[in-house]
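A.B. asks: Here you go, one structure.
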Amino acid sequence: MTRRTFLARCSTSTLMGLAFTIPAAVIAGLLLLYHYDMAQRYLSEEGARYGQVLADPIVGASQRFLRDGSIESIQSLMEDAGRNTTIGDIARLGAAGQVIASNHPEGIGRGSEALEVPGFERSAEEALRTGSMQHRLCDRGAHLVLLAPVSPAGAGLLYMKIDQEQRLRQISSAIVKRGVASAIGILAVSLLLYLWVRAILARPMLEIATFVRTLAAGGTGAPPRSRGPLEVEMLREDILALADNLDAKERALEASHRLVREAQRMESVASLAGALAHDFNNLLTGILGYSRLLLDRIGPGDPIRRQLAAIEASAGRAADLTTRLLTFSRRGASRPTPADPAEVLAPAILALRDGLPESIRLQVDRDADLWAAAVDAEQIRRVLAALGRNAVEAMGWGGTLSLALTNRTLAEGDCRGRLDARPGRFVVLSVADTGTGIDKEIRRRLFEPFVTTKKEAGGAGFGLATAYGLVKGHEGWIEVESEVGKGTTFTVYLPACPPGTVAESFAAVAAEVQAVAEAPAAAVGPAEPAPGPTVLAVDDESTVLALARDVLEMHGYTVLTARNGEEALRVFREHRSDVALVLLDLTMPVMGGVECFRRMKDLDPRVRVVISSGFSSESTAAEVLREGALEYLQKPYDIEDLARVVRKALARPLAAA
């Protein structure tokens, strides 16, 4: 196992414990060795002093006996001294180095080699030379050898071998006890340091690591509470800040996902509503058209006239429903014009004020220098009417209805967490009430068709959906803030026009009015079209195509028909000199109306074209009108509207086309 792997597998507290315990154990061992060495030195010094105390009287007595010539007395002295348990060997050596008396009689007369003391000769020479006692340890410190010179100089030596094992054991035992006590003290201090480090360093770090692992696993564990030193506390605060930041980002991401899901659901509903409206418009065009044709042909007294009128009325209500669906899906046509929103909304505000009950107070605020916005006046008034009506119905017992028109610039940071928001300049219409508020579950689906806040009254659920579609058609969006029991605020964001746009728009309108006023009288067509003009009607729905042919033939036109763009181009090439007008549906299979229109313009730039659709986005219709189409006829259309639009388009001069 490498050092890095070992460190990675050990906790901080373990490493700190090893860092304290191992040095403490080494220090304790060194202390024991030191005390043991000091004990041996002390014992050696004490033995030398003890030997000096014993040697002095023995040396003096042996000198007296030697002067008296009594070797037996010296031998008796040696034997008596040898009975001392501390003294192992004792002998009197003569000048020649032989043993003259000893507690071991068998060694008398022998030389110093009988003593078996390593280095004896060197110590004896040193004692004789210096005249002082010499001592040394032997047998690994178990015995102390003393050599004391006898006066006069050179008269001999007194040899003593002191057994100090017992004393050494006593002293060593005491030393070991003190050393063990010191070692235990050091280990206890190191253990306390280990516990202290674990409490102030290891435990906070372990809690932080556990918290980080929990976060990484997607959990929401309790944050670390233990406080440590400065560095650990800084790390803890940073981890907590990071956790809060991650939590905030997760909430923001979840909110974004929810908004995306809601937006996708709204887009799906809008697409479905537009597709349904397209098919219904084609069907309703035939129902309404043929109902009107029959009513025009049946006299007032006919008994089936009432039934036909009921069919026409029901189809009309269905047509109104499809119009609302188109508005919600943002496929209804609009003509936005740069204007002052306050002036555009003034009639709607007056109408709203006149319809308020006495229990509701209206408060209107606006910025003094309100920016201009490109709006369709009629549509934006419908938005205010729908929001105002919803607010009034939420305040059945009374309250305050607040309307505000303000300028607002959104930066990049203001758009975070708001799906439809984008940076830029906006004119903001705010409609706030102090009513019942909207439940959270209803608020999620508030702008969908057939969803209503009027549970008891039973609303149709199209007012807010219509407002939503109209605002989205203006490239804006609506935000809702509501609290049950306190009220609701709808905020409409409309893109502001660049500075100077209003003045330029007014100048263009003035120029157009002037051009119309100065146009020659021939530019105005007769009340009735010249008999026999040929109209090419193009539509993929057979009922609508048959109705258009019947209506136009009834008004004296020659009608050619085609069911898609390719067939229309073929018919147009064959009868280009005869076709005075093309009635062109925009939404068709095989080849759509937009491509067909452009190819017809390539064949004949002066061709007159009236476009019609029940499923056309505002941008598509406006694009075709800008490229030269004369009129736009929204399905389901009235047969009189069809005849009027065709007559008006044929009356326009070719130069205008």
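Ordering of the structure tokens sets the chain letters (A, B, ...), residue numbers begin anew at 1 in every chain, and ligands are numbered from 1 in the order given.
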Near Ile611 of chain A, within 6 Å and counting only C-alpha atoms, which residues show up once chain neighbours fewer than 5 positions away are dropped, as a PyMOL selection string?
C.D. replies: chain A and resi 583-585+632
A.B. asks: Pull N, CA, C and O atoms from the residues just selected and write them as a PDB file, in the first residue's frame.
C.D. replies:
ATOM      1  N   LEU A 583     -59.381  34.330 -56.071  1.00  0.00           N
ATOM      2  CA  LEU A 583     -59.778  34.177 -54.664  1.00  0.00           C
ATOM      3  C   LEU A 583     -59.001  32.973 -54.132  1.00  0.00           C
ATOM      4  O   LEU A 583     -59.322  31.824 -54.451  1.00  0.00           O
ATOM      5  N   LEU A 584     -57.974  33.231 -53.312  1.00  0.00           N
ATOM      6  CA  LEU A 584     -56.962  32.219 -52.977  1.00  0.00           C
ATOM      7  C   LEU A 584     -56.986  31.882 -51.490  1.00  0.00           C
ATOM      8  O   LEU A 584     -56.822  32.780 -50.642  1.00  0.00           O
ATOM      9  N   ASP A 585     -57.188  30.585 -51.197  1.00  0.00           N
ATOM     10  CA  ASP A 585     -57.085  30.114 -49.808  1.00  0.00           C
ATOM     11  C   ASP A 585     -55.603  29.951 -49.447  1.00  0.00           C
ATOM     12  O   ASP A 585     -54.815  29.453 -50.266  1.00  0.00           O
ATOM     13  N   TYR A 632     -57.994  40.695 -47.475  1.00  0.00           N
ATOM     14  CA  TYR A 632     -57.949  39.452 -46.685  1.00  0.00           C
ATOM     15  C   TYR A 632     -59.360  39.161 -46.208  1.00  0.00           C
ATOM     16  O   TYR A 632     -60.002  39.995 -45.548  1.00  0.00           O
TER      17      TYR A 632
END
A.B. asks: How far is it from atom CA of Arg444 of chain A to atom CA of Ala496 of chain A, in Å with one decimal?
C.D. replies: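 Separation of atom CA of Arg444 of chain A and atom CA of Ala496 of chain A: 27.9 Å.
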A.B. asks: Within 8 Å of segment 344-353 of chain A, counting only C-alpha atoms, which residues show up once you throw out same-chain ones fewer than 4 positions away? Write them as a compact mmCIF listing (two decimals) with C-alpha atoms, in the first residue's frame, please.
C.D. replies:
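Once written, result-v9.txt looks like this:
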# COMPACT_ATOMS: atom_id res chain seq x y z
CA ALA A 339 -49.81 54.55 -31.11
CA ASP A 340 -50.06 55.95 -27.61
CA LEU A 362 -61.73 52.64 -10.17
CA ALA A 377 -56.62 49.23 -31.17
CA ILE A 380 -55.98 45.68 -27.14
CA ARG A 381 -59.31 47.15 -25.96
CA LEU A 384 -58.55 45.36 -21.19
CA ALA A 385 -62.28 44.56 -21.31
CA GLY A 388 -61.51 44.28 -16.30
A.B. asks: Extract, using only C-alpha atoms, all DNA, RNA and protein residues at most 12 Å from segment 547-550 of chain A, discarding same-chain residues fewer than 2 positions from it, and format them as an MDAnalysis selection string.
C.D. replies: chainID A and resid 282:294 534:539 541:545 552:562 582:585 612 635:643 646
A.B. asks: Between atom CA of Ile74 of chain A and atom CA of Val99 of chain A, what distance in Å does the model show, to one decimal?
C.D. replies: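 One can read the atom CA of Ile74 of chain A to atom CA of Val99 of chain A distance as 11.6 Å.
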A.B. asks: Can you pull out the residues contacting segment 600-605 of chain A? Cut-off 9 Å, using only C-alpha atoms, and skip same-chain residues under 4 positions away; I want them as a list of chain:residue names.
C.D. replies: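 My reading of the contact set: A:Leu569, A:Phe572, A:Arg573, A:Arg576, A:Glu595, A:Cys596, A:Gly628, A:Ala657.
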A.B. asks: Would you write out those residues with C-alpha atoms, as a PDB file, in the first residue's frame?
C.D. replies:
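Heads up, here's the output in out12.pdb:
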ATOM      1  CA  LEU A 569     -51.268  27.554 -61.383  1.00  0.00           C
ATOM      2  CA  PHE A 572     -54.122  30.356 -64.339  1.00  0.00           C
ATOM      3  CA  ARG A 573     -51.591  29.626 -67.108  1.00  0.00           C
ATOM      4  CA  ARG A 576     -54.293  34.098 -67.786  1.00  0.00           C
ATOM      5  CA  GLU A 595     -46.191  29.852 -52.697  1.00  0.00           C
ATOM      6  CA  CYS A 596     -49.014  29.820 -55.228  1.00  0.00           C
ATOM      7  CA  GLY A 628     -49.386  42.709 -53.184  1.00  0.00           C
ATOM      8  CA  ALA A 657     -52.641  45.991 -58.041  1.00  0.00           C
TER       9      ALA A 657
END
A.B. asks: Quick one: residues within 10 Å of Ala114 of chain A, only C-alpha atoms counted, chain neighbours fewer than 6 positions away excluded, as a ChimeraX atom specification?
C.D. replies: /A:98-99,107-108
A.B. asks: Okay, now the selection with all heavy atoms, as a PDB file, in the first residue's frame?
C.D. replies:
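To be explicit, this is the file written out as part07.pdb:
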ATOM      1  N   GLN A  98      50.652 -10.837  44.274  1.00  0.00           N
ATOM      2  CA  GLN A  98      50.050 -12.092  44.614  1.00  0.00           C
ATOM      3  C   GLN A  98      49.076 -11.885  45.766  1.00  0.00           C
ATOM      4  O   GLN A  98      49.178 -10.939  46.518  1.00  0.00           O
ATOM      5  CB  GLN A  98      51.098 -13.127  44.992  1.00  0.00           C
ATOM      6  CG  GLN A  98      51.701 -12.960  46.372  1.00  0.00           C
ATOM      7  CD  GLN A  98      52.765 -11.837  46.411  1.00  0.00           C
ATOM      8  OE1 GLN A  98      52.972 -11.146  45.412  1.00  0.00           O
ATOM      9  NE2 GLN A  98      53.445 -11.682  47.534  1.00  0.00           N
ATOM     10  N   VAL A  99      48.103 -12.801  45.884  1.00  0.00           N
ATOM     11  CA  VAL A  99      47.094 -12.727  46.928  1.00  0.00           C
ATOM     12  C   VAL A  99      47.701 -13.263  48.214  1.00  0.00           C
ATOM     13  O   VAL A  99      48.141 -14.405  48.267  1.00  0.00           O
ATOM     14  CB  VAL A  99      45.849 -13.546  46.548  1.00  0.00           C
ATOM     15  CG1 VAL A  99      44.825 -13.496  47.660  1.00  0.00           C
ATOM     16  CG2 VAL A  99      45.249 -13.045  45.242  1.00  0.00           C
ATOM     17  N   GLY A 107      42.400 -19.168  47.004  1.00  0.00           N
ATOM     18  CA  GLY A 107      43.080 -18.289  46.062  1.00  0.00           C
ATOM     19  C   GLY A 107      44.328 -17.658  46.632  1.00  0.00           C
ATOM     20  O   GLY A 107      44.975 -16.870  45.928  1.00  0.00           O
ATOM     21  N   ILE A 108      44.685 -17.959  47.882  1.00  0.00           N
ATOM     22  CA  ILE A 108      45.855 -17.337  48.492  1.00  0.00           C
ATOM     23  C   ILE A 108      47.097 -17.855  47.806  1.00  0.00           C
ATOM     24  O   ILE A 108      47.236 -19.050  47.542  1.00  0.00           O
ATOM     25  CB  ILE A 108      45.882 -17.645  50.015  1.00  0.00           C
ATOM     26  CG1 ILE A 108      44.647 -17.015  50.681  1.00  0.00           C
ATOM     27  CG2 ILE A 108      47.161 -17.134  50.641  1.00  0.00           C
ATOM     28  CD1 ILE A 108      44.512 -17.372  52.153  1.00  0.00           C
TER      29      ILE A 108
END
A.B. asks: Quick one: residues within 7 Å of Ser613 of chain A, only C-alpha atoms counted, chain neighbours fewer than 3 positions away excluded, as a short mmCIF file (atom, residue, chain, number, x, y, z; two decimals) with N, CA, C and O atoms, in the first residue's frame?
C.D. replies:
data_model
loop_
_atom_site.label_atom_id
_atom_site.label_comp_id
_atom_site.auth_asym_id
_atom_site.auth_seq_id
_atom_site.Cartn_x
_atom_site.Cartn_y
_atom_site.Cartn_z
N ASP A 585 -57.19 30.58 -51.20
CA ASP A 585 -57.08 30.11 -49.81
C ASP A 585 -55.60 29.95 -49.45
O ASP A 585 -54.82 29.45 -50.27
N LEU A 586 -55.22 30.35 -48.22
CA LEU A 586 -53.81 30.30 -47.83
C LEU A 586 -53.38 28.92 -47.36
O LEU A 586 -52.21 28.55 -47.50
N THR A 587 -54.29 28.15 -46.78
CA THR A 587 -53.92 26.87 -46.18
C THR A 587 -54.48 25.74 -47.03
O THR A 587 -55.68 25.44 -47.00
N SER A 616 -54.86 31.06 -40.42
CA SER A 616 -53.67 31.76 -40.91
C SER A 616 -53.13 32.64 -39.81
O SER A 616 -53.87 33.39 -39.18
N LEU A 633 -59.88 37.98 -46.52
CA LEU A 633 -61.23 37.57 -46.17
C LEU A 633 -61.14 36.43 -45.17
O LEU A 633 -60.69 35.33 -45.49
N GLN A 634 -61.58 36.70 -43.94
CA GLN A 634 -61.49 35.71 -42.87
C GLN A 634 -62.68 34.76 -42.92
O GLN A 634 -63.83 35.19 -42.98
N LYS A 635 -62.41 33.47 -42.90
CA LYS A 635 -63.48 32.47 -42.81
C LYS A 635 -63.95 32.35 -41.37
O LYS A 635 -63.15 32.53 -40.44
#
A.B. asks: DSSP on the backbone, then: every residue of segment 607-647 of chain A marked strand (DSSP E or B), written as a PDB file with N, CA and C atoms, in the first residue's frame.
C.D. replies:
ATOM      1  N   VAL A 609     -55.324  39.561 -56.472  1.00  0.00           N
ATOM      2  CA  VAL A 609     -55.487  38.399 -55.591  1.00  0.00           C
ATOM      3  C   VAL A 609     -56.154  38.837 -54.303  1.00  0.00           C
ATOM      4  N   VAL A 610     -57.206  38.127 -53.934  1.00  0.00           N
ATOM      5  CA  VAL A 610     -57.835  38.272 -52.611  1.00  0.00           C
ATOM      6  C   VAL A 610     -57.556  36.971 -51.860  1.00  0.00           C
ATOM      7  N   ILE A 611     -56.945  37.072 -50.668  1.00  0.00           N
ATOM      8  CA  ILE A 611     -56.605  35.882 -49.892  1.00  0.00           C
ATOM      9  C   ILE A 611     -57.687  35.618 -48.855  1.00  0.00           C
ATOM     10  N   SER A 612     -57.834  34.330 -48.524  1.00  0.00           N
ATOM     11  CA  SER A 612     -58.854  33.913 -47.563  1.00  0.00           C
ATOM     12  C   SER A 612     -58.318  32.731 -46.772  1.00  0.00           C
ATOM     13  N   SER A 613     -58.665  32.684 -45.485  1.00  0.00           N
ATOM     14  CA  SER A 613     -58.228  31.559 -44.657  1.00  0.00           C
ATOM     15  C   SER A 613     -58.994  31.554 -43.346  1.00  0.00           C
ATOM     16  N   GLU A 631     -56.905  42.118 -50.623  1.00  0.00           N
ATOM     17  CA  GLU A 631     -57.777  42.050 -49.460  1.00  0.00           C
ATOM     18  C   GLU A 631     -57.555  40.719 -48.743  1.00  0.00           C
ATOM     19  N   TYR A 632     -57.994  40.695 -47.475  1.00  0.00           N
ATOM     20  CA  TYR A 632     -57.949  39.452 -46.685  1.00  0.00           C
ATOM     21  C   TYR A 632     -59.360  39.161 -46.208  1.00  0.00           C
ATOM     22  N   LEU A 633     -59.878  37.975 -46.522  1.00  0.00           N
ATOM     23  CA  LEU A 633     -61.230  37.569 -46.171  1.00  0.00           C
ATOM     24  C   LEU A 633     -61.145  36.429 -45.169  1.00  0.00           C
ATOM     25  N   GLN A 634     -61.584  36.700 -43.939  1.00  0.00           N
ATOM     26  CA  GLN A 634     -61.486  35.712 -42.873  1.00  0.00           C
ATOM     27  C   GLN A 634     -62.680  34.765 -42.915  1.00  0.00           C
TER      28      GLN A 634
END
A.B. asks: Quick one, how far is atom CA of Leu32 of chain A from atom CA of Asp163 of chain A?
C.D. replies: 23.7 Å
A.B. asks: So which residues of segment 541-588 of chain A fall under alpha helix (DSSP H) by DSSP, listed as a list in words?
C.D. replies: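 The alpha helix (DSSP H) residues within segment 541-588 of chain A come out as Ser542, Thr543, Val544, Leu545, Ala546, Leu547, Ala548, Arg549, Asp550, Val551, Leu552, Glu553, Met554, Gly565, Glu566, Glu567, Ala568, Leu569, Arg570, Val571, Phe572, Arg573 and Glu574 of chain A.
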A.B. asks: How would the residues just picked look written out with N, CA, C and O atoms as a PDB file, in the first residue's frame?
C.D. replies:
ATOM      1  N   SER A 542     -64.241  21.273 -50.581  1.00  0.00           N
ATOM      2  CA  SER A 542     -65.194  21.247 -51.694  1.00  0.00           C
ATOM      3  C   SER A 542     -66.442  22.069 -51.398  1.00  0.00           C
ATOM      4  O   SER A 542     -66.981  22.751 -52.275  1.00  0.00           O
ATOM      5  N   THR A 543     -66.923  22.060 -50.144  1.00  0.00           N
ATOM      6  CA  THR A 543     -68.130  22.813 -49.794  1.00  0.00           C
ATOM      7  C   THR A 543     -67.893  24.304 -49.942  1.00  0.00           C
ATOM      8  O   THR A 543     -68.729  25.044 -50.485  1.00  0.00           O
ATOM      9  N   VAL A 544     -66.749  24.788 -49.422  1.00  0.00           N
ATOM     10  CA  VAL A 544     -66.422  26.207 -49.520  1.00  0.00           C
ATOM     11  C   VAL A 544     -66.237  26.602 -50.981  1.00  0.00           C
ATOM     12  O   VAL A 544     -66.676  27.675 -51.424  1.00  0.00           O
ATOM     13  N   LEU A 545     -65.589  25.732 -51.754  1.00  0.00           N
ATOM     14  CA  LEU A 545     -65.357  26.032 -53.160  1.00  0.00           C
ATOM     15  C   LEU A 545     -66.685  26.111 -53.924  1.00  0.00           C
ATOM     16  O   LEU A 545     -66.898  27.026 -54.754  1.00  0.00           O
ATOM     17  N   ALA A 546     -67.589  25.183 -53.622  1.00  0.00           N
ATOM     18  CA  ALA A 546     -68.899  25.202 -54.287  1.00  0.00           C
ATOM     19  C   ALA A 546     -69.689  26.441 -53.894  1.00  0.00           C
ATOM     20  O   ALA A 546     -70.376  27.062 -54.735  1.00  0.00           O
ATOM     21  N   LEU A 547     -69.621  26.839 -52.605  1.00  0.00           N
ATOM     22  CA  LEU A 547     -70.323  28.034 -52.153  1.00  0.00           C
ATOM     23  C   LEU A 547     -69.795  29.268 -52.865  1.00  0.00           C
ATOM     24  O   LEU A 547     -70.572  30.121 -53.338  1.00  0.00           O
ATOM     25  N   ALA A 548     -68.469  29.397 -52.939  1.00  0.00           N
ATOM     26  CA  ALA A 548     -67.888  30.556 -53.610  1.00  0.00           C
ATOM     27  C   ALA A 548     -68.323  30.608 -55.074  1.00  0.00           C
ATOM     28  O   ALA A 548     -68.656  31.678 -55.613  1.00  0.00           O
ATOM     29  N   ARG A 549     -68.340  29.460 -55.726  1.00  0.00           N
ATOM     30  CA  ARG A 549     -68.760  29.430 -57.132  1.00  0.00           C
ATOM     31  C   ARG A 549     -70.224  29.843 -57.263  1.00  0.00           C
ATOM     32  O   ARG A 549     -70.585  30.674 -58.120  1.00  0.00           O
ATOM     33  N   ASP A 550     -71.081  29.307 -56.374  1.00  0.00           N
ATOM     34  CA  ASP A 550     -72.504  29.642 -56.462  1.00  0.00           C
ATOM     35  C   ASP A 550     -72.745  31.120 -56.211  1.00  0.00           C
ATOM     36  O   ASP A 550     -73.532  31.772 -56.918  1.00  0.00           O
ATOM     37  N   VAL A 551     -72.089  31.679 -55.187  1.00  0.00           N
ATOM     38  CA  VAL A 551     -72.300  33.083 -54.838  1.00  0.00           C
ATOM     39  C   VAL A 551     -71.811  33.985 -55.959  1.00  0.00           C
ATOM     40  O   VAL A 551     -72.487  34.952 -56.373  1.00  0.00           O
ATOM     41  N   LEU A 552     -70.608  33.702 -56.472  1.00  0.00           N
ATOM     42  CA  LEU A 552     -70.042  34.558 -57.509  1.00  0.00           C
ATOM     43  C   LEU A 552     -70.826  34.433 -58.813  1.00  0.00           C
ATOM     44  O   LEU A 552     -71.034  35.445 -59.522  1.00  0.00           O
ATOM     45  N   GLU A 553     -71.264  33.246 -59.151  1.00  0.00           N
ATOM     46  CA  GLU A 553     -72.076  33.095 -60.358  1.00  0.00           C
ATOM     47  C   GLU A 553     -73.418  33.799 -60.196  1.00  0.00           C
ATOM     48  O   GLU A 553     -73.964  34.348 -61.159  1.00  0.00           O
ATOM     49  N   MET A 554     -73.940  33.788 -58.952  1.00  0.00           N
ATOM     50  CA  MET A 554     -75.200  34.483 -58.697  1.00  0.00           C
ATOM     51  C   MET A 554     -75.050  35.987 -58.919  1.00  0.00           C
ATOM     52  O   MET A 554     -75.991  36.676 -59.300  1.00  0.00           O
ATOM     53  N   GLY A 565     -52.762  24.523 -54.888  1.00  0.00           N
ATOM     54  CA  GLY A 565     -51.937  25.517 -55.554  1.00  0.00           C
ATOM     55  C   GLY A 565     -51.460  25.089 -56.923  1.00  0.00           C
ATOM     56  O   GLY A 565     -51.423  25.900 -57.862  1.00  0.00           O
ATOM     57  N   GLU A 566     -51.084  23.821 -57.058  1.00  0.00           N
ATOM     58  CA  GLU A 566     -50.589  23.358 -58.355  1.00  0.00           C
ATOM     59  C   GLU A 566     -51.688  23.418 -59.419  1.00  0.00           C
ATOM     60  O   GLU A 566     -51.464  23.862 -60.560  1.00  0.00           O
ATOM     61  N   GLU A 567     -52.882  22.980 -59.039  1.00  0.00           N
ATOM     62  CA  GLU A 567     -53.994  23.032 -59.994  1.00  0.00           C
ATOM     63  C   GLU A 567     -54.344  24.474 -60.328  1.00  0.00           C
ATOM     64  O   GLU A 567     -54.675  24.800 -61.477  1.00  0.00           O
ATOM     65  N   ALA A 568     -54.250  25.356 -59.327  1.00  0.00           N
ATOM     66  CA  ALA A 568     -54.545  26.769 -59.564  1.00  0.00           C
ATOM     67  C   ALA A 568     -53.551  27.374 -60.546  1.00  0.00           C
ATOM     68  O   ALA A 568     -53.932  28.166 -61.432  1.00  0.00           O
ATOM     69  N   LEU A 569     -52.272  27.039 -60.443  1.00  0.00           N
ATOM     70  CA  LEU A 569     -51.268  27.554 -61.383  1.00  0.00           C
ATOM     71  C   LEU A 569     -51.541  27.056 -62.800  1.00  0.00           C
ATOM     72  O   LEU A 569     -51.395  27.802 -63.788  1.00  0.00           O
ATOM     73  N   ARG A 570     -51.922  25.794 -62.910  1.00  0.00           N
ATOM     74  CA  ARG A 570     -52.213  25.244 -64.238  1.00  0.00           C
ATOM     75  C   ARG A 570     -53.399  25.966 -64.868  1.00  0.00           C
ATOM     76  O   ARG A 570     -53.347  26.381 -66.045  1.00  0.00           O
ATOM     77  N   VAL A 571     -54.472  26.175 -64.095  1.00  0.00           N
ATOM     78  CA  VAL A 571     -55.647  26.872 -64.619  1.00  0.00           C
ATOM     79  C   VAL A 571     -55.305  28.320 -64.953  1.00  0.00           C
ATOM     80  O   VAL A 571     -55.751  28.869 -65.975  1.00  0.00           O
ATOM     81  N   PHE A 572     -54.482  28.956 -64.104  1.00  0.00           N
ATOM     82  CA  PHE A 572     -54.122  30.356 -64.339  1.00  0.00           C
ATOM     83  C   PHE A 572     -53.297  30.502 -65.621  1.00  0.00           C
ATOM     84  O   PHE A 572     -53.467  31.468 -66.377  1.00  0.00           O
ATOM     85  N   ARG A 573     -52.379  29.556 -65.882  1.00  0.00           N
ATOM     86  CA  ARG A 573     -51.591  29.626 -67.108  1.00  0.00           C
ATOM     87  C   ARG A 573     -52.497  29.484 -68.345  1.00  0.00           C
ATOM     88  O   ARG A 573     -52.293  30.160 -69.367  1.00  0.00           O
ATOM     89  N   GLU A 574     -53.478  28.596 -68.226  1.00  0.00           N
ATOM     90  CA  GLU A 574     -54.351  28.354 -69.369  1.00  0.00           C
ATOM     91  C   GLU A 574     -55.294  29.522 -69.640  1.00  0.00           C
ATOM     92  O   GLU A 574     -55.660  29.779 -70.797  1.00  0.00           O
TER      93      GLU A 574
END
